[in-house]
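This is target_9.cif. It holds mmCIF, C-alpha atoms.
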data_final
loop_
_atom_site.group_PDB
_atom_site.id
_atom_site.type_symbol
_atom_site.label_atom_id
_atom_site.label_comp_id
_atom_site.auth_asym_id
_atom_site.auth_seq_id
_atom_site.Cartn_x
_atom_site.Cartn_y
_atom_site.Cartn_z
ATOM 1 C CA MET A 463 -45.707 -30.494 -10.042
ATOM 2 C CA ASN A 464 -43.582 -33.640 -9.979
ATOM 3 C CA LYS A 465 -40.806 -34.479 -7.529
ATOM 4 C CA LYS A 466 -38.017 -33.648 -10.030
ATOM 5 C CA THR A 467 -39.416 -30.143 -10.641
ATOM 6 C CA ILE A 468 -39.740 -29.491 -6.896
ATOM 7 C CA THR A 469 -36.119 -30.571 -6.362
ATOM 8 C CA ILE A 470 -34.858 -28.220 -9.108
ATOM 9 C CA LEU A 471 -36.840 -25.298 -7.653
ATOM 10 C CA ALA A 472 -35.472 -25.996 -4.171
ATOM 11 C CA ILE A 473 -31.891 -25.998 -5.470
ATOM 12 C CA ALA A 474 -32.527 -22.739 -7.337
ATOM 13 C CA ILE A 475 -33.906 -21.068 -4.190
ATOM 14 C CA VAL A 476 -30.861 -22.178 -2.165
ATOM 15 C CA LEU A 477 -28.462 -20.839 -4.824
ATOM 16 C CA VAL A 478 -30.254 -17.480 -4.918
ATOM 17 C CA GLY A 479 -30.059 -17.279 -1.125
ATOM 18 C CA ILE A 480 -26.324 -17.984 -1.183
ATOM 19 C CA GLY A 481 -25.859 -15.315 -3.847
ATOM 20 C CA ILE A 482 -27.700 -12.707 -1.760
ATOM 21 C CA PHE A 483 -25.622 -13.606 1.311
ATOM 22 C CA ILE A 484 -22.350 -13.238 -0.611
ATOM 23 C CA GLN A 485 -23.477 -9.942 -2.132
ATOM 24 C CA LYS A 486 -24.357 -8.442 1.263
ATOM 25 C CA SER A 487 -21.328 -9.842 3.076
ATOM 26 C CA TYR A 488 -18.543 -9.106 0.618
ATOM 27 C CA PHE A 489 -19.822 -6.398 -1.707
ATOM 28 C CA PRO A 490 -21.246 -3.473 0.303
ATOM 29 C CA ASN A 491 -23.446 -0.846 -1.281
ATOM 30 C CA GLU A 492 -21.609 1.479 -3.647
ATOM 31 C CA GLY A 493 -22.532 4.431 -1.460
ATOM 32 C CA ASP A 494 -20.927 2.906 1.642
ATOM 33 C CA GLN A 495 -17.316 4.095 1.576
ATOM 34 C CA SER A 496 -16.700 3.886 5.331
ATOM 35 C CA LYS A 497 -14.892 0.537 5.158
ATOM 36 C CA ILE A 498 -12.570 -0.580 2.379
ATOM 37 C CA LEU A 499 -10.652 -3.838 2.672
ATOM 38 C CA ARG A 500 -7.891 -4.518 0.163
ATOM 39 C CA THR A 501 -5.625 -7.558 0.084
ATOM 40 C CA THR A 502 -2.209 -6.854 -1.410
ATOM 41 C CA GLY A 503 0.143 -9.805 -1.170
ATOM 42 C CA SER A 504 0.236 -11.048 2.412
ATOM 43 C CA ALA A 505 -1.005 -7.806 3.998
ATOM 44 C CA ILE A 506 -4.643 -6.827 4.438
ATOM 45 C CA ILE A 507 -4.968 -3.061 4.335
ATOM 46 C CA ASP A 508 -8.103 -1.871 6.118
ATOM 47 C CA LEU A 509 -8.851 1.673 4.963
ATOM 48 C CA ASP A 510 -11.567 2.126 7.561
ATOM 49 C CA ASN A 511 -12.069 5.820 8.268
ATOM 50 C CA THR A 512 -14.529 5.176 11.117
ATOM 51 C CA ASP A 513 -12.090 3.323 13.387
ATOM 52 C CA PRO A 514 -11.157 5.614 16.324
ATOM 53 C CA ASN A 515 -7.679 4.056 16.355
ATOM 54 C CA LYS A 516 -6.960 5.247 12.828
ATOM 55 C CA ILE A 517 -6.336 8.735 11.478
ATOM 56 C CA LYS A 518 -6.811 9.149 7.744
ATOM 57 C CA ILE A 519 -3.699 10.459 6.012
ATOM 58 C CA ASP A 520 -4.290 13.848 4.410
ATOM 59 C CA LYS A 521 -2.680 13.787 0.964
ATOM 60 C CA THR A 522 -2.579 17.581 0.752
ATOM 61 C CA SER A 523 -0.226 17.792 3.744
ATOM 62 C CA SER A 524 1.648 14.526 3.126
ATOM 63 C CA SER A 525 4.223 13.307 0.627
ATOM 64 C CA PHE A 526 5.874 10.102 -0.569
ATOM 65 C CA ASN A 527 9.114 10.615 -2.517
ATOM 66 C CA PHE A 528 12.022 8.527 -3.754
ATOM 67 C CA GLU A 529 15.485 8.985 -5.219
ATOM 68 C CA GLY A 530 17.112 6.438 -7.516
ATOM 69 C CA TYR A 531 20.832 6.257 -8.221
ATOM 70 C CA SER A 532 22.815 5.335 -11.317
ATOM 71 C CA ILE A 533 26.369 5.905 -12.534
ATOM 72 C CA ALA A 534 25.245 8.752 -14.776
ATOM 73 C CA LYS A 535 22.921 10.659 -12.439
ATOM 74 C CA ASN A 536 20.305 10.506 -9.723
ATOM 75 C CA GLU A 537 16.582 10.792 -10.367
ATOM 76 C CA ILE A 538 14.051 12.164 -7.892
ATOM 77 C CA GLY A 539 10.369 11.339 -8.073
ATOM 78 C CA THR A 540 7.133 11.151 -6.154
ATOM 79 C CA PHE A 541 3.830 9.286 -6.171
ATOM 80 C CA ASP A 542 0.818 11.546 -6.586
ATOM 81 C CA ASP A 543 -1.881 9.032 -5.648
ATOM 82 C CA PHE A 544 -1.803 7.234 -2.300
ATOM 83 C CA GLU A 545 -4.118 6.636 0.637
ATOM 84 C CA GLY A 546 -3.767 5.266 4.119
ATOM 85 C CA ASN A 547 -4.044 5.667 7.863
ATOM 86 C CA ILE A 548 -1.900 6.555 10.836
ATOM 87 C CA LEU A 549 -2.430 3.825 13.441
ATOM 88 C CA LEU A 550 -3.007 4.603 17.113
ATOM 89 C CA GLU A 551 -2.871 2.709 20.378
ATOM 90 C CA ASN A 552 -3.918 4.482 23.579
ATOM 91 C CA ASN A 553 -3.863 7.713 21.540
ATOM 92 C CA ASN A 554 -0.192 7.167 20.644
ATOM 93 C CA ILE A 555 1.036 6.654 17.082
ATOM 94 C CA VAL A 556 2.194 3.054 16.631
ATOM 95 C CA GLY A 557 2.283 2.658 12.861
ATOM 96 C CA ILE A 558 0.980 3.375 9.394
ATOM 97 C CA GLU A 559 -0.820 1.479 6.660
ATOM 98 C CA GLY A 560 -1.267 2.563 3.098
ATOM 99 C CA ILE A 561 -1.630 1.786 -0.582
ATOM 100 C CA VAL A 562 0.124 3.596 -3.424
ATOM 101 C CA ASN A 563 -1.115 3.748 -7.005
ATOM 102 C CA VAL A 564 2.229 3.007 -8.643
ATOM 103 C CA SER A 565 1.183 4.361 -12.041
ATOM 104 C CA SER A 566 0.966 7.808 -10.397
ATOM 105 C CA VAL A 567 4.786 7.976 -10.377
ATOM 106 C CA ASN A 568 5.912 11.477 -11.276
ATOM 107 C CA THR A 569 9.516 12.514 -11.934
ATOM 108 C CA GLY A 570 8.574 15.461 -14.109
ATOM 109 C CA LYS A 571 9.999 13.569 -17.101
ATOM 110 C CA VAL A 572 7.431 11.877 -19.338
ATOM 111 C CA GLY A 573 9.882 9.405 -20.880
ATOM 112 C CA LEU A 574 11.323 8.364 -17.524
ATOM 113 C CA ASP A 575 7.863 7.938 -15.989
ATOM 114 C CA LYS A 576 6.874 5.698 -18.897
ATOM 115 C CA HIS A 577 10.018 3.589 -18.414
ATOM 116 C CA LEU A 578 9.437 3.279 -14.659
ATOM 117 C CA ARG A 579 5.912 2.008 -15.323
ATOM 118 C CA ASN A 580 7.028 -0.833 -17.605
ATOM 119 C CA ASP A 581 8.284 -4.263 -16.557
ATOM 120 C CA ASP A 582 11.907 -3.110 -16.162
ATOM 121 C CA PHE A 583 10.822 -1.412 -12.948
ATOM 122 C CA PHE A 584 7.291 -1.198 -11.513
ATOM 123 C CA ASP A 585 5.373 -3.278 -14.086
ATOM 124 C CA VAL A 586 2.154 -1.396 -13.341
ATOM 125 C CA ALA A 587 0.115 -3.407 -15.855
ATOM 126 C CA VAL A 588 0.563 -6.476 -13.641
ATOM 127 C CA TYR A 589 1.164 -4.872 -10.222
ATOM 128 C CA PRO A 590 -0.755 -1.565 -10.078
ATOM 129 C CA GLU A 591 -0.277 -1.020 -6.332
ATOM 130 C CA LEU A 592 2.320 -1.213 -3.614
ATOM 131 C CA SER A 593 1.393 -1.343 0.043
ATOM 132 C CA PHE A 594 2.869 -1.174 3.512
ATOM 133 C CA LYS A 595 1.465 -2.114 6.899
ATOM 134 C CA THR A 596 3.280 -1.709 10.214
ATOM 135 C CA THR A 597 3.740 -4.799 12.359
ATOM 136 C CA SER A 598 5.809 -3.263 15.177
ATOM 137 C CA LEU A 599 7.360 -0.046 16.467
ATOM 138 C CA ASN A 600 10.385 -0.314 18.754
ATOM 139 C CA GLU A 601 13.109 1.924 20.105
ATOM 140 C CA GLU A 602 16.743 1.076 19.395
ATOM 141 C CA ASN A 603 19.673 3.261 20.451
ATOM 142 C CA GLY A 604 17.406 6.257 20.911
ATOM 143 C CA GLN A 605 15.718 5.822 17.516
ATOM 144 C CA LYS A 606 12.226 4.603 16.757
ATOM 145 C CA ILE A 607 12.365 1.680 14.314
ATOM 146 C CA MET A 608 9.231 0.829 12.380
ATOM 147 C CA THR A 609 8.891 -2.671 10.940
ATOM 148 C CA GLY A 610 6.210 -3.844 8.572
ATOM 149 C CA VAL A 611 5.233 -5.770 5.465
ATOM 150 C CA LEU A 612 6.032 -4.065 2.162
ATOM 151 C CA THR A 613 4.326 -5.529 -0.901
ATOM 152 C CA PHE A 614 5.791 -4.423 -4.225
ATOM 153 C CA ARG A 615 5.661 -6.137 -7.631
ATOM 154 C CA GLY A 616 3.582 -8.898 -6.033
ATOM 155 C CA ILE A 617 6.317 -9.756 -3.514
ATOM 156 C CA SER A 618 5.838 -9.220 0.230
ATOM 157 C CA LYS A 619 8.852 -8.679 2.471
ATOM 158 C CA GLU A 620 9.340 -7.451 6.012
ATOM 159 C CA VAL A 621 11.346 -4.226 6.128
ATOM 160 C CA GLY A 622 12.444 -1.961 8.954
ATOM 161 C CA PHE A 623 13.525 1.685 9.002
ATOM 162 C CA PRO A 624 13.940 4.610 11.426
ATOM 163 C CA VAL A 625 11.031 7.020 11.791
ATOM 164 C CA VAL A 626 10.389 10.349 13.469
ATOM 165 C CA ILE A 627 7.042 10.770 15.203
ATOM 166 C CA GLU A 628 5.929 14.268 16.141
ATOM 167 C CA ASP A 629 2.401 15.104 17.252
ATOM 168 C CA ASN A 630 0.213 13.723 14.449
ATOM 169 C CA LYS A 631 2.990 13.224 11.874
ATOM 170 C CA VAL A 632 5.137 10.238 10.888
ATOM 171 C CA SER A 633 8.189 10.849 8.700
ATOM 172 C CA ALA A 634 11.173 8.842 7.496
ATOM 173 C CA ASN A 635 14.237 9.093 5.274
ATOM 174 C CA PHE A 636 16.088 5.838 4.599
ATOM 175 C CA LEU A 637 17.672 3.573 1.980
ATOM 176 C CA LEU A 638 15.594 0.627 0.772
ATOM 177 C CA ASP A 639 17.257 -2.402 -0.814
ATOM 178 C CA THR A 640 15.023 -3.282 -3.779
ATOM 179 C CA THR A 641 16.850 -6.545 -4.609
ATOM 180 C CA PRO A 642 14.128 -8.811 -3.122
ATOM 181 C CA PHE A 643 11.517 -7.214 -5.393
ATOM 182 C CA GLU A 644 13.180 -8.458 -8.587
ATOM 183 C CA MET A 645 13.227 -5.379 -10.788
ATOM 184 C CA LYS A 646 14.843 -6.302 -14.101
ATOM 185 C CA TYR A 647 16.733 -3.160 -15.056
ATOM 186 C CA ALA A 648 20.442 -3.561 -14.314
ATOM 187 C CA GLY A 649 21.610 0.002 -14.955
ATOM 188 C CA VAL A 650 20.715 1.419 -11.536
ATOM 189 C CA ASN A 651 21.749 0.983 -7.929
ATOM 190 C CA LYS A 652 19.513 -1.491 -6.101
ATOM 191 C CA GLU A 653 19.286 0.871 -3.140
ATOM 192 C CA VAL A 654 16.639 3.581 -3.432
ATOM 193 C CA ARG A 655 16.177 6.435 -0.991
ATOM 194 C CA ILE A 656 12.645 6.659 0.383
ATOM 195 C CA GLU A 657 11.398 9.834 2.025
ATOM 196 C CA PHE A 658 7.877 10.276 3.317
ATOM 197 C CA SER A 659 5.897 12.504 5.621
ATOM 198 C CA PHE A 660 2.346 11.508 6.579
ATOM 199 C CA SER A 661 -0.018 13.591 8.678
ATOM 200 C CA ASP A 662 -3.744 14.110 9.088
#
In structure tokens, what does this structure look like?
Amino acid sequence: MNKKTITILAIAIVLVGIGIFIQKSYFPNEGDQSKILRTTGSAIIDLDNTDPNKIKIDKTSSSFNFEGYSIAKNEIGTFDDFEGNILLENNNIVGIEGIVNVSSVNTGKVGLDKHLRNDDFFDVAVYPELSFKTTSLNEENGQKIMTGVLTFRGISKEVGFPVVIEDNKVSANFLLDTTPFEMKYAGVNKEVRIEFSFSD
């Protein structure tokens, strides 16, 4: 075996070793669902259901709804597919993190849902998910104000809103200005009412 052949074999062995390292480090076994890391915009959502400081949101007892406004009428909808965690610190709720499958939008109107999914609104073909992760929870004038990074249509912005925290539940009802997220459709109010209730 000449020197050139030995060199090629050595390079091949190194490349295989690097490949195995990457596979084990970044692509866990398909059966291991205990830790899921997803990067959406500037926020890393860690859907780790083994962390004692996180409570998995139970979709059967939780909801995520919205109401859009136009001159003609208002439209109410929900998202059927979402996942996330309630975040704890010293056994106290301090935030939430979650990911929503935007194509799961459901207004009960097939035509409207189809329109919301296209690039006038959600553009689900390009941006299939929206996410939120709390960065702080403060009290202002007797209200708890949650602040975090909202990523929608590939744009990440810090938003804040009042929340109610009771036992193991976080809920909110507020107006969200969607202007920074650059939806194209001009026939609706840029403010959308968001209402959610998350519990375990």
Original post:
What do you get, as a list in words, if you spell out every residue that the PyMOL selection byres ((chain A and resi 529) around 6) selects here?
Top reply: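 Residues picked by the PyMOL selection byres ((chain A and resi 529) around 6): Phe528, Gly530, Glu537, Ile538, Val654 and Arg655 of chain A.
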Would you write out those residues with C-alpha atoms, as a short mmCIF file (atom, residue, chain, number, x, y, z; two decimals), keeping the file's coordinate frame?
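again_38.cif, written as the output of this step:
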data_model
loop_
_atom_site.label_atom_id
_atom_site.label_comp_id
_atom_site.auth_asym_id
_atom_site.auth_seq_id
_atom_site.Cartn_x
_atom_site.Cartn_y
_atom_site.Cartn_z
CA PHE A 528 12.02 8.53 -3.75
CA GLY A 530 17.11 6.44 -7.52
CA GLU A 537 16.58 10.79 -10.37
CA ILE A 538 14.05 12.16 -7.89
CA VAL A 654 16.64 3.58 -3.43
CA ARG A 655 16.18 6.44 -0.99
#
Restricting the calculation to all atoms listed in the file, which member of A:Val650, A:Leu509, A:Ile617, A:Ile607 is positioned closest to A:Phe636?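 Checking each of A:Val650, A:Leu509, A:Ile617, A:Ile607 against A:Phe636, counting all atoms listed in the file, the winner is A:Ile607.
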Residues in the PyMOL selection byres ((chain A and resi 512-525) around 12), expressed as a count of residues only = 49
Any chance you could resolve the PyMOL selection byres ((chain A and resi 591) around 6) against this file and give the residues as a PyMOL selection string? chain A and resi 562-564+589-590+592
Include C-alpha atoms and write out the residues we just selected as a CSV table (one decimal), keeping the file's coordinate frame.
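Listed below is the output, part.csv:
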chain,number,residue,atom,x,y,z
A,562,VAL,CA,0.1,3.6,-3.4
A,563,ASN,CA,-1.1,3.7,-7.0
A,564,VAL,CA,2.2,3.0,-8.6
A,589,TYR,CA,1.2,-4.9,-10.2
A,590,PRO,CA,-0.8,-1.6,-10.1
A,592,LEU,CA,2.3,-1.2,-3.6
TODO: One decimal, Å: what's the distance from atom CA of A:Ile533 over to atom CA of A:Gly649, could you say?
DONE: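 Atom-to-atom, atom CA of A:Ile533 and atom CA of A:Gly649 are spaced 8.0 Å apart.
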- Query: In Å, with one decimal, what is the gap from atom CA of A:Ser566 to atom CA of A:Val586?
  - Reply: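 Calculated distance between atom CA of A:Ser566 and atom CA of A:Val586 is 9.7 Å.
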Centre and edge lengths, as AutoDock Vina command-line options, for the axis-aligned box enclosing every listed atom of stretch 632-635 of chain A with 6 Å of padding on each of the six sides, in Å to one decimal?
--center_x 9.7 --center_y 9.8 --center_z 8.1 --size_x 21.1 --size_y 14.0 --size_z 17.6
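When all atoms listed in the file are used to compute distances to A:Ser565, the closest of the residues A:Ser598, A:Asn580, A:Ser532, A:Asn651 turns out to be A:Asn580.
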_Residues within 12 Å of A:Thr597, please, as a ChimeraX atom specification. Count only C-alpha atoms; anything in the same chain fewer than 3 positions from it doesn't count._
/A:505-507,549,556-559,594,600,607-612,619-622
Students should find that atom CA of A:Val567 and atom CA of A:Arg579 are spaced 7.8 Å
